[in-house]
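Pasting my_file_34.tsv here (TSV, N, CA and C atoms):
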```tsv
chain	number	residue	atom	x	y	z
R	306	ILE	N	35.97	99.96	91.38
R	306	ILE	CA	35.26	99.22	92.41
R	306	ILE	C	35.82	99.63	93.76
R	307	ALA	N	34.92	99.96	94.67
R	307	ALA	CA	35.32	100.41	95.99
R	307	ALA	C	35.83	99.26	96.84
R	308	PRO	N	36.74	99.56	97.76
R	308	PRO	CA	37.23	98.52	98.67
R	308	PRO	C	36.10	98.01	99.57
R	309	ALA	N	36.32	96.84	100.11
R	309	ALA	CA	35.29	96.21	100.96
R	309	ALA	C	34.91	97.09	102.14
R	310	PHE	N	35.87	97.81	102.74
R	310	PHE	CA	35.52	98.61	103.91
R	310	PHE	C	34.57	99.75	103.55
R	311	VAL	N	34.68	100.30	102.34
R	311	VAL	CA	33.77	101.37	101.92
R	311	VAL	C	32.36	100.79	101.77
R	312	ARG	N	32.25	99.66	101.13
R	312	ARG	CA	30.93	99.03	100.97
R	312	ARG	C	30.35	98.61	102.32
R	313	ARG	N	31.21	98.15	103.23
R	313	ARG	CA	30.75	97.77	104.57
R	313	ARG	C	30.19	98.99	105.32
R	314	ILE	N	30.85	100.11	105.18
R	314	ILE	CA	30.39	101.34	105.82
R	314	ILE	C	29.08	101.81	105.20
R	315	GLU	N	28.98	101.72	103.88
R	315	GLU	CA	27.72	102.11	103.22
R	315	GLU	C	26.55	101.25	103.73
R	316	ARG	N	26.78	99.95	103.85
R	316	ARG	CA	25.73	99.06	104.38
R	316	ARG	C	25.37	99.44	105.82
R	317	TYR	N	26.40	99.72	106.62
R	317	TYR	CA	26.16	100.10	108.02
R	317	TYR	C	25.32	101.38	108.08
R	318	ILE	N	25.68	102.36	107.27
R	318	ILE	CA	24.93	103.61	107.25
R	318	ILE	C	23.49	103.36	106.79
R	319	ASP	N	23.32	102.57	105.75
R	319	ASP	CA	21.97	102.27	105.25
R	319	ASP	C	21.11	101.60	106.32
R	320	GLU	N	21.72	100.73	107.11
R	320	GLU	CA	20.98	99.99	108.13
R	320	GLU	C	20.77	100.76	109.43
R	321	HIS	N	21.59	101.78	109.68
R	321	HIS	CA	21.54	102.50	110.95
R	321	HIS	C	21.35	104.01	110.78
R	322	ALA	N	20.81	104.44	109.64
R	322	ALA	CA	20.70	105.87	109.33
R	322	ALA	C	19.86	106.64	110.34
R	323	ASP	N	18.97	105.95	111.05
R	323	ASP	CA	18.12	106.64	112.02
R	323	ASP	C	18.77	106.71	113.40
R	324	GLU	N	20.01	106.26	113.52
R	324	GLU	CA	20.73	106.30	114.79
R	324	GLU	C	21.85	107.34	114.72
R	325	PRO	N	22.28	107.84	115.87
R	325	PRO	CA	23.45	108.73	115.85
R	325	PRO	C	24.67	107.94	115.37
R	326	ILE	N	25.38	108.47	114.41
R	326	ILE	CA	26.56	107.81	113.85
R	326	ILE	C	27.70	108.82	113.79
R	327	THR	N	28.84	108.42	114.31
R	327	THR	CA	30.03	109.27	114.23
R	327	THR	C	31.07	108.57	113.36
R	328	ILE	N	32.08	109.32	112.99
R	328	ILE	CA	33.16	108.74	112.21
R	328	ILE	C	33.87	107.66	113.03
R	329	VAL	N	33.93	107.82	114.34
R	329	VAL	CA	34.53	106.81	115.21
R	329	VAL	C	33.72	105.51	115.14
R	330	ASP	N	32.39	105.63	115.14
R	330	ASP	CA	31.54	104.44	114.99
R	330	ASP	C	31.86	103.72	113.68
R	331	LEU	N	31.99	104.49	112.62
R	331	LEU	CA	32.26	103.90	111.30
R	331	LEU	C	33.63	103.21	111.27
R	332	ALA	N	34.62	103.86	111.88
R	332	ALA	CA	35.97	103.29	111.91
R	332	ALA	C	35.99	101.99	112.71
R	333	GLU	N	35.29	101.98	113.84
R	333	GLU	CA	35.23	100.76	114.65
R	333	GLU	C	34.51	99.65	113.90
R	334	HIS	N	33.43	99.98	113.24
R	334	HIS	CA	32.67	98.97	112.50
R	334	HIS	C	33.50	98.39	111.35
R	335	ALA	N	34.21	99.23	110.64
R	335	ALA	CA	34.96	98.78	109.46
R	335	ALA	C	36.34	98.24	109.81
R	336	GLY	N	36.83	98.57	111.00
R	336	GLY	CA	38.16	98.10	111.38
R	336	GLY	C	39.28	98.81	110.66
R	337	VAL	N	39.04	100.05	110.29
R	337	VAL	CA	40.06	100.87	109.64
R	337	VAL	C	40.09	102.24	110.31
R	338	SER	N	41.09	103.02	109.99
R	338	SER	CA	41.21	104.35	110.59
R	338	SER	C	40.23	105.34	109.97
R	339	SER	N	39.96	106.39	110.70
R	339	SER	CA	39.11	107.47	110.17
R	339	SER	C	39.69	108.04	108.89
R	340	ARG	N	40.99	108.18	108.89
R	340	ARG	CA	41.66	108.73	107.71
R	340	ARG	C	41.44	107.84	106.50
R	341	SER	N	41.53	106.52	106.69
R	341	SER	CA	41.29	105.58	105.59
R	341	SER	C	39.86	105.71	105.07
R	342	ILE	N	38.93	105.90	105.99
R	342	ILE	CA	37.52	106.06	105.59
R	342	ILE	C	37.35	107.30	104.73
R	343	PHE	N	37.88	108.43	105.21
R	343	PHE	CA	37.75	109.67	104.44
R	343	PHE	C	38.42	109.53	103.07
R	344	ASN	N	39.61	108.94	103.04
R	344	ASN	CA	40.32	108.76	101.76
R	344	ASN	C	39.56	107.82	100.83
R	345	GLY	N	39.03	106.74	101.37
R	345	GLY	CA	38.28	105.78	100.56
R	345	GLY	C	37.03	106.38	99.96
R	346	PHE	N	36.29	107.12	100.77
R	346	PHE	CA	35.07	107.75	100.26
R	346	PHE	C	35.39	108.83	99.24
R	347	ARG	N	36.42	109.60	99.50
R	347	ARG	CA	36.79	110.66	98.55
R	347	ARG	C	37.22	110.03	97.22
R	348	ARG	N	38.01	108.99	97.29
R	348	ARG	CA	38.55	108.38	96.06
R	348	ARG	C	37.51	107.58	95.29
R	349	PHE	N	36.68	106.81	96.00
R	349	PHE	CA	35.78	105.88	95.31
R	349	PHE	C	34.33	106.34	95.24
R	350	ARG	N	33.95	107.32	96.05
R	350	ARG	CA	32.57	107.81	96.02
R	350	ARG	C	32.47	109.31	95.77
R	351	ASN	N	33.61	109.98	95.71
R	351	ASN	CA	33.67	111.41	95.46
R	351	ASN	C	32.83	112.21	96.47
R	352	THR	N	32.85	111.76	97.70
R	352	THR	CA	32.14	112.44	98.78
R	352	THR	C	32.82	112.06	100.09
R	353	SER	N	32.31	112.56	101.18
R	353	SER	CA	32.80	112.16	102.49
R	353	SER	C	31.81	111.18	103.11
R	354	PRO	N	32.24	110.40	104.08
R	354	PRO	CA	31.30	109.47	104.70
R	354	PRO	C	30.13	110.18	105.38
R	355	MET	N	30.37	111.34	105.94
R	355	MET	CA	29.30	112.04	106.63
R	355	MET	C	28.32	112.68	105.63
R	356	LEU	N	28.81	113.10	104.47
R	356	LEU	CA	27.89	113.58	103.44
R	356	LEU	C	27.09	112.42	102.86
R	357	TYR	N	27.70	111.26	102.77
R	357	TYR	CA	26.97	110.07	102.33
R	357	TYR	C	25.84	109.78	103.32
R	358	LEU	N	26.14	109.83	104.61
R	358	LEU	CA	25.14	109.62	105.66
R	358	LEU	C	24.01	110.64	105.52
R	359	LYS	N	24.36	111.89	105.32
R	359	LYS	CA	23.35	112.94	105.18
R	359	LYS	C	22.45	112.68	103.97
R	360	GLU	N	23.04	112.24	102.87
R	360	GLU	CA	22.26	111.96	101.67
R	360	GLU	C	21.29	110.80	101.91
R	361	VAL	N	21.75	109.76	102.58
R	361	VAL	CA	20.87	108.64	102.91
R	361	VAL	C	19.72	109.13	103.78
R	362	ARG	N	20.02	109.94	104.76
R	362	ARG	CA	18.97	110.46	105.65
R	362	ARG	C	17.99	111.34	104.89
R	363	MET	N	18.50	112.17	103.99
R	363	MET	CA	17.61	113.04	103.21
R	363	MET	C	16.66	112.20	102.35
R	364	ARG	N	17.18	111.15	101.72
R	364	ARG	CA	16.32	110.28	100.91
R	364	ARG	C	15.26	109.62	101.78
R	365	ARG	N	15.65	109.18	102.97
R	365	ARG	CA	14.69	108.52	103.86
R	365	ARG	C	13.60	109.49	104.31
R	366	VAL	N	13.98	110.73	104.60
R	366	VAL	CA	12.98	111.75	104.97
R	366	VAL	C	12.04	111.96	103.80
R	367	ASN	N	12.58	112.10	102.60
R	367	ASN	CA	11.76	112.31	101.41
R	367	ASN	C	10.78	111.15	101.22
R	368	GLU	N	11.26	109.94	101.33
R	368	GLU	CA	10.39	108.77	101.16
R	368	GLU	C	9.28	108.75	102.22
R	369	GLU	N	9.64	109.06	103.45
R	369	GLU	CA	8.64	109.04	104.52
R	369	GLU	C	7.62	110.15	104.36
R	370	LEU	N	8.06	111.34	103.98
R	370	LEU	CA	7.12	112.45	103.78
R	370	LEU	C	6.15	112.14	102.64
R	371	LYS	N	6.61	111.43	101.63
R	371	LYS	CA	5.72	111.05	100.53
R	371	LYS	C	4.66	110.04	100.97
R	372	ARG	N	5.01	109.20	101.94
R	372	ARG	CA	4.08	108.17	102.42
R	372	ARG	C	3.06	108.71	103.42
R	373	LEU	N	3.43	109.73	104.16
R	373	LEU	CA	2.57	110.25	105.23
R	373	LEU	C	1.58	111.27	104.71
R	374	SER	N	0.56	111.52	105.53
R	374	SER	CA	-0.35	112.62	105.24
R	374	SER	C	-0.15	113.69	106.32
R	375	LEU	N	-0.70	114.87	106.07
R	375	LEU	CA	-0.50	116.00	106.98
R	375	LEU	C	-0.91	115.69	108.42
R	376	ASN	N	-1.95	114.89	108.61
R	376	ASN	CA	-2.42	114.64	109.97
R	376	ASN	C	-1.68	113.49	110.65
R	377	GLU	N	-0.78	112.81	109.95
R	377	GLU	CA	-0.05	111.69	110.54
R	377	GLU	C	1.23	112.11	111.25
R	378	SER	N	1.90	113.14	110.77
R	378	SER	CA	3.16	113.56	111.35
R	378	SER	C	3.49	114.98	110.90
R	379	THR	N	4.64	115.46	111.36
R	379	THR	CA	5.12	116.78	110.95
R	379	THR	C	6.49	116.63	110.30
R	380	VAL	N	6.86	117.62	109.54
R	380	VAL	CA	8.18	117.64	108.93
R	380	VAL	C	9.24	117.58	110.02
R	381	THR	N	9.05	118.34	111.07
R	381	THR	CA	10.01	118.37	112.16
R	381	THR	C	10.20	116.99	112.78
R	382	ALA	N	9.12	116.30	113.05
R	382	ALA	CA	9.21	114.97	113.65
R	382	ALA	C	9.95	114.00	112.74
R	383	VAL	N	9.68	114.05	111.45
R	383	VAL	CA	10.35	113.14	110.51
R	383	VAL	C	11.83	113.49	110.41
R	384	ALA	N	12.16	114.77	110.33
R	384	ALA	CA	13.56	115.19	110.25
R	384	ALA	C	14.32	114.75	111.49
R	385	TYR	N	13.75	114.97	112.66
R	385	TYR	CA	14.40	114.55	113.90
R	385	TYR	C	14.57	113.03	113.96
R	386	LYS	N	13.57	112.31	113.50
R	386	LYS	CA	13.65	110.84	113.51
R	386	LYS	C	14.87	110.36	112.75
R	387	TRP	N	15.19	111.03	111.65
R	387	TRP	CA	16.32	110.62	110.82
R	387	TRP	C	17.61	111.36	111.15
R	388	GLY	N	17.65	112.03	112.30
R	388	GLY	CA	18.90	112.63	112.75
R	388	GLY	C	19.25	113.96	112.12
R	389	LEU	N	18.27	114.62	111.52
R	389	LEU	CA	18.50	115.92	110.89
R	389	LEU	C	17.91	116.99	111.80
R	390	SER	N	18.71	117.44	112.75
R	390	SER	CA	18.19	118.30	113.81
R	390	SER	C	18.40	119.79	113.57
R	391	HIS	N	19.20	120.17	112.59
R	391	HIS	CA	19.38	121.58	112.27
R	391	HIS	C	18.36	121.94	111.19
R	392	LEU	N	17.16	122.33	111.62
R	392	LEU	CA	16.03	122.46	110.71
R	392	LEU	C	16.22	123.50	109.61
R	393	GLY	N	16.89	124.58	109.92
R	393	GLY	CA	17.15	125.59	108.89
R	393	GLY	C	18.02	125.04	107.77
R	394	HIS	N	19.09	124.38	108.14
R	394	HIS	CA	19.97	123.74	107.15
R	394	HIS	C	19.22	122.62	106.42
R	395	PHE	N	18.46	121.86	107.18
R	395	PHE	CA	17.71	120.75	106.59
R	395	PHE	C	16.77	121.26	105.49
R	396	THR	N	15.99	122.28	105.79
R	396	THR	CA	15.03	122.80	104.81
R	396	THR	C	15.74	123.31	103.56
R	397	THR	N	16.81	124.05	103.74
R	397	THR	CA	17.58	124.56	102.59
R	397	THR	C	18.14	123.41	101.76
R	398	ASP	N	18.76	122.44	102.43
R	398	ASP	CA	19.33	121.29	101.72
R	398	ASP	C	18.25	120.46	101.03
R	399	TYR	N	17.12	120.31	101.69
R	399	TYR	CA	16.02	119.53	101.12
R	399	TYR	C	15.52	120.19	99.84
R	400	LYS	N	15.29	121.51	99.90
R	400	LYS	CA	14.82	122.24	98.70
R	400	LYS	C	15.82	122.10	97.56
R	401	ARG	N	17.10	122.22	97.88
R	401	ARG	CA	18.14	122.11	96.86
R	401	ARG	C	18.15	120.70	96.26
R	402	ARG	N	17.96	119.70	97.09
R	402	ARG	CA	18.04	118.30	96.64
R	402	ARG	C	16.79	117.85	95.89
R	403	PHE	N	15.59	118.24	96.39
R	403	PHE	CA	14.35	117.71	95.84
R	403	PHE	C	13.50	118.72	95.08
R	404	GLY	N	13.90	119.99	95.07
R	404	GLY	CA	13.20	120.99	94.28
R	404	GLY	C	11.92	121.52	94.89
R	405	GLU	N	11.67	121.18	96.13
R	405	GLU	CA	10.50	121.71	96.85
R	405	GLU	C	10.78	121.63	98.34
R	406	SER	N	9.99	122.34	99.12
R	406	SER	CA	10.18	122.31	100.57
R	406	SER	C	9.66	120.98	101.12
R	407	PRO	N	10.15	120.58	102.28
R	407	PRO	CA	9.64	119.35	102.90
R	407	PRO	C	8.14	119.42	103.16
R	408	SER	N	7.64	120.59	103.53
R	408	SER	CA	6.20	120.71	103.80
R	408	SER	C	5.39	120.54	102.52
R	409	GLN	N	5.94	120.95	101.38
R	409	GLN	CA	5.25	120.72	100.11
R	409	GLN	C	5.18	119.23	99.79
R	410	THR	N	6.25	118.51	100.07
R	410	THR	CA	6.25	117.06	99.85
R	410	THR	C	5.20	116.40	100.73
R	411	LEU	N	5.15	116.79	102.00
R	411	LEU	CA	4.18	116.21	102.94
R	411	LEU	C	2.75	116.52	102.54
R	412	ALA	N	2.52	117.70	101.98
R	412	ALA	CA	1.15	118.13	101.63
R	412	ALA	C	0.61	117.39	100.41
R	413	ARG	N	1.45	116.82	99.61
R	413	ARG	CA	0.99	116.14	98.38
R	413	ARG	C	0.31	114.82	98.67
```
For the structure just supplied, provide its representation as structure tokens.
Amino acid sequence: IAPAFVRRIERYIDEHADEPITIVDLAEHAGVSSRSIFNGFRRFRNTSPMLYLKEVRMRRVNEELKRLSLNESTVTAVAYKWGLSHLGHFTTDYKRRFGESPSQTLAR
């Protein structure tokens, strides 16, 4: 079972995934050091807090692309909305995570 500060950070990320978030923001919110955050996530979640944030954002992009139609938005707009601004990396990571390109998800 993860410590309370790890769960508090996960909740914060889930609630603020569409906002810019830094490790300093997370440390201030949880009231612990950055080092404690990294150690807690590595030990109890087998990831880093920033990779956890990225995964939450990727899921949110995927969910939104599934809900939208081609004429409602673009992949770029949805990615930017969720803080994924490096589009080349985003597309590669998205394909690896979901097995198709973001544009394929939007087109369905």
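Across the structure, CA of Ile318 (chain R) and CA of Ser408 (chain R) are spaced 25.6 Å apart.
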(Q) So the first atom is atom C of Arg372 (chain R) and the second is CA of Leu411 (chain R); what is the distance between them in Å, to one decimal place? (A)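 It comes out at 7.6 Å.
Using only C-alpha atoms for every distance, the candidate list R:Val383, R:Phe349, R:His391, R:Val329 yields R:Phe349 as the residue closest to Val311 (chain R).
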**Q.** Of the listed residues R:His334, R:Ile328, R:Glu405, R:Trp387, that which approaches Arg364 (chain R) most closely, counting only C-alpha atoms
**A.** R:Trp387
Q. Which one of R:Ala412, R:Leu389, R:Ala322, R:Ile306 sits closest to Leu370 (chain R) if you count all atoms listed in the file?
A.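 Ranked by minimum distance to Leu370 (chain R), first place goes to R:Ala412.
For the atom pair formed by CA of Met355 (chain R) and CA of Phe395 (chain R), the distance is 14.5 Å, given to one decimal.
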